[in-house]
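Have a look at the structure below before the remarks.
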Amino acid sequence: MTDKHVIESLLRPAVELNTVAVAVSAAFVSATAPWSLALTPSVGYGVACGFGVLAWVRWNEASVVLRYRRSSNTIATYKAWRMQKAELSELGLVAGMGVALVILVLYLANKAAAILA
């Protein structure tokens with residue numbers, strides 16, 4: 001995985017899991033039946049350790065992608081309010097909570113200016 005385009009590299013399927021499956025299978029074969037790969041038992045154990053390290057590294061890379069994809073599936077909840085609570089402007093548009101906050105700040109600023117004047 002490159003760090004140049006981090007988000008783009010996390011929006012893909014975790015294809016590292018394919019490498020993990022192949023490396024684990026190769027490590028199992030190397031450790032249990034080294035003769036099938038034309039290896040001596042001592043070399044087979046070393047190759048199995050190498051495949052195990054490769055599987056571990058690729059698993060860590062896949063877990064980063066899986067963790068990002070799992071957390072991106074959670075959608076933020078928004079508090080809904082009824083239309084009776086919504087204020088309508090002169091044009092009939094809904095003035096939401098953000099507009100109400102701006103109106104409150106402007107109202108308090110005018111009151112403060114009137115008191116100081």
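Every chain in the structure tokens takes a letter, A first, then B, and so on in the order presented; its residues are numbered from 1, and the ligands are numbered from 1 following the presented order.
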
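The protein and nucleic acid residues lying at most 12 Å from A:Gly46 are A:Ala26, A:Ala27, A:Phe28, A:Ser30, A:Ala31, A:Pro34, A:Leu39, A:Thr40, A:Pro41, A:Phe51, A:Gly52, A:Val53, with only C-alpha atoms considered and sequence neighbours fewer than 5 positions away removed.
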
Across A:Leu104, A:Ile115, A:Val64, A:Val47, the smallest distance to A:Ala14, with only C-alpha atoms counted, is shown by A:Val64

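The shell of residues at most 9 Å from stretch 57-62 of chain A, with only C-alpha atoms counted and near chain neighbours (fewer than 2 positions) removed, consists of Met1, Pro13, Ala14, Val15, Glu16, Leu17, Thr19, Val20, Gly52, Val53, Leu54, Ala55, Val64, Val65, Leu66 and Arg67 of chain A.
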
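Between atom CA of A:Leu11 and atom CA of A:Ser72 the interatomic distance comes to 9.4 Å.
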
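Between atom CA of A:Leu10 and atom CA of A:Ala23 the separation is 22.2 Å.
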
When DSSP is applied to the backbone of this structure, which of stretch 1-51 of chain A are assigned alpha helix (DSSP H)? Write them out as a ChimeraX atom specification.
/A:6-10,16-32,41-51

Prev. selection, N, CA and C atoms, output as a tab-separated table (two decimals), in the first residue's frame:
```tsv
chain	number	residue	atom	x	y	z
A	6	VAL	N	-3.81	8.19	0.21
A	6	VAL	CA	-4.23	7.32	1.31
A	6	VAL	C	-5.70	6.95	1.20
A	7	ILE	N	-6.58	7.92	0.98
A	7	ILE	CA	-8.00	7.62	0.96
A	7	ILE	C	-8.37	6.73	-0.22
A	8	GLU	N	-7.79	7.01	-1.39
A	8	GLU	CA	-8.10	6.20	-2.56
A	8	GLU	C	-7.67	4.76	-2.37
A	9	SER	N	-6.57	4.55	-1.68
A	9	SER	CA	-6.10	3.18	-1.48
A	9	SER	C	-6.92	2.44	-0.42
A	10	LEU	N	-7.67	3.17	0.39
A	10	LEU	CA	-8.49	2.53	1.41
A	10	LEU	C	-9.92	2.26	0.93
A	16	GLU	N	-5.44	-7.95	-0.17
A	16	GLU	CA	-4.34	-8.56	0.56
A	16	GLU	C	-4.75	-9.89	1.19
A	17	LEU	N	-6.04	-10.05	1.40
A	17	LEU	CA	-6.52	-11.30	2.00
A	17	LEU	C	-6.25	-12.49	1.07
A	18	ASN	N	-6.22	-12.25	-0.24
A	18	ASN	CA	-5.86	-13.33	-1.17
A	18	ASN	C	-4.43	-13.77	-0.93
A	19	THR	N	-3.54	-12.82	-0.75
A	19	THR	CA	-2.14	-13.14	-0.49
A	19	THR	C	-1.99	-13.86	0.84
A	20	VAL	N	-2.78	-13.44	1.82
A	20	VAL	CA	-2.73	-14.09	3.14
A	20	VAL	C	-3.12	-15.56	3.01
A	21	ALA	N	-4.19	-15.84	2.26
A	21	ALA	CA	-4.64	-17.22	2.10
A	21	ALA	C	-3.58	-18.07	1.39
A	22	VAL	N	-2.97	-17.52	0.36
A	22	VAL	CA	-1.95	-18.27	-0.38
A	22	VAL	C	-0.71	-18.49	0.48
A	23	ALA	N	-0.29	-17.46	1.23
A	23	ALA	CA	0.90	-17.58	2.06
A	23	ALA	C	0.69	-18.57	3.20
A	24	VAL	N	-0.49	-18.57	3.80
A	24	VAL	CA	-0.77	-19.52	4.87
A	24	VAL	C	-0.79	-20.94	4.32
A	25	SER	N	-1.40	-21.11	3.15
A	25	SER	CA	-1.42	-22.44	2.54
A	25	SER	C	-0.02	-22.92	2.19
A	26	ALA	N	0.81	-22.02	1.64
A	26	ALA	CA	2.18	-22.39	1.30
A	26	ALA	C	2.99	-22.70	2.55
A	27	ALA	N	2.77	-21.95	3.63
A	27	ALA	CA	3.48	-22.23	4.87
A	27	ALA	C	3.06	-23.59	5.44
A	28	PHE	N	1.79	-23.91	5.35
A	28	PHE	CA	1.31	-25.21	5.83
A	28	PHE	C	1.94	-26.36	5.03
A	29	VAL	N	1.95	-26.21	3.72
A	29	VAL	CA	2.53	-27.27	2.87
A	29	VAL	C	4.03	-27.38	3.12
A	30	SER	N	4.70	-26.22	3.24
A	30	SER	CA	6.15	-26.24	3.47
A	30	SER	C	6.50	-26.89	4.80
A	31	ALA	N	5.68	-26.69	5.81
A	31	ALA	CA	5.99	-27.24	7.12
A	31	ALA	C	5.59	-28.71	7.24
A	32	THR	N	4.48	-29.10	6.64
A	32	THR	CA	4.01	-30.47	6.82
A	32	THR	C	4.51	-31.44	5.76
A	41	PRO	N	13.57	-31.10	5.07
A	41	PRO	CA	12.74	-30.64	6.19
A	41	PRO	C	13.25	-29.35	6.84
A	42	SER	N	14.55	-29.19	7.01
A	42	SER	CA	15.06	-27.97	7.65
A	42	SER	C	14.81	-26.75	6.77
A	43	VAL	N	14.98	-26.87	5.48
A	43	VAL	CA	14.71	-25.75	4.57
A	43	VAL	C	13.20	-25.50	4.50
A	44	GLY	N	12.41	-26.55	4.56
A	44	GLY	CA	10.96	-26.40	4.54
A	44	GLY	C	10.45	-25.60	5.73
A	45	TYR	N	11.05	-25.83	6.90
A	45	TYR	CA	10.64	-25.05	8.08
A	45	TYR	C	11.02	-23.57	7.92
A	46	GLY	N	12.18	-23.32	7.34
A	46	GLY	CA	12.59	-21.92	7.10
A	46	GLY	C	11.68	-21.23	6.10
A	47	VAL	N	11.33	-21.96	5.03
A	47	VAL	CA	10.42	-21.39	4.04
A	47	VAL	C	9.04	-21.16	4.65
A	48	ALA	N	8.61	-22.08	5.51
A	48	ALA	CA	7.31	-21.91	6.18
A	48	ALA	C	7.32	-20.66	7.07
A	49	CYS	N	8.45	-20.41	7.75
A	49	CYS	CA	8.55	-19.19	8.56
A	49	CYS	C	8.50	-17.94	7.69
A	50	GLY	N	9.16	-18.00	6.53
A	50	GLY	CA	9.12	-16.86	5.60
A	50	GLY	C	7.72	-16.59	5.10
A	51	PHE	N	7.00	-17.66	4.74
A	51	PHE	CA	5.61	-17.48	4.31
A	51	PHE	C	4.74	-16.99	5.46
```
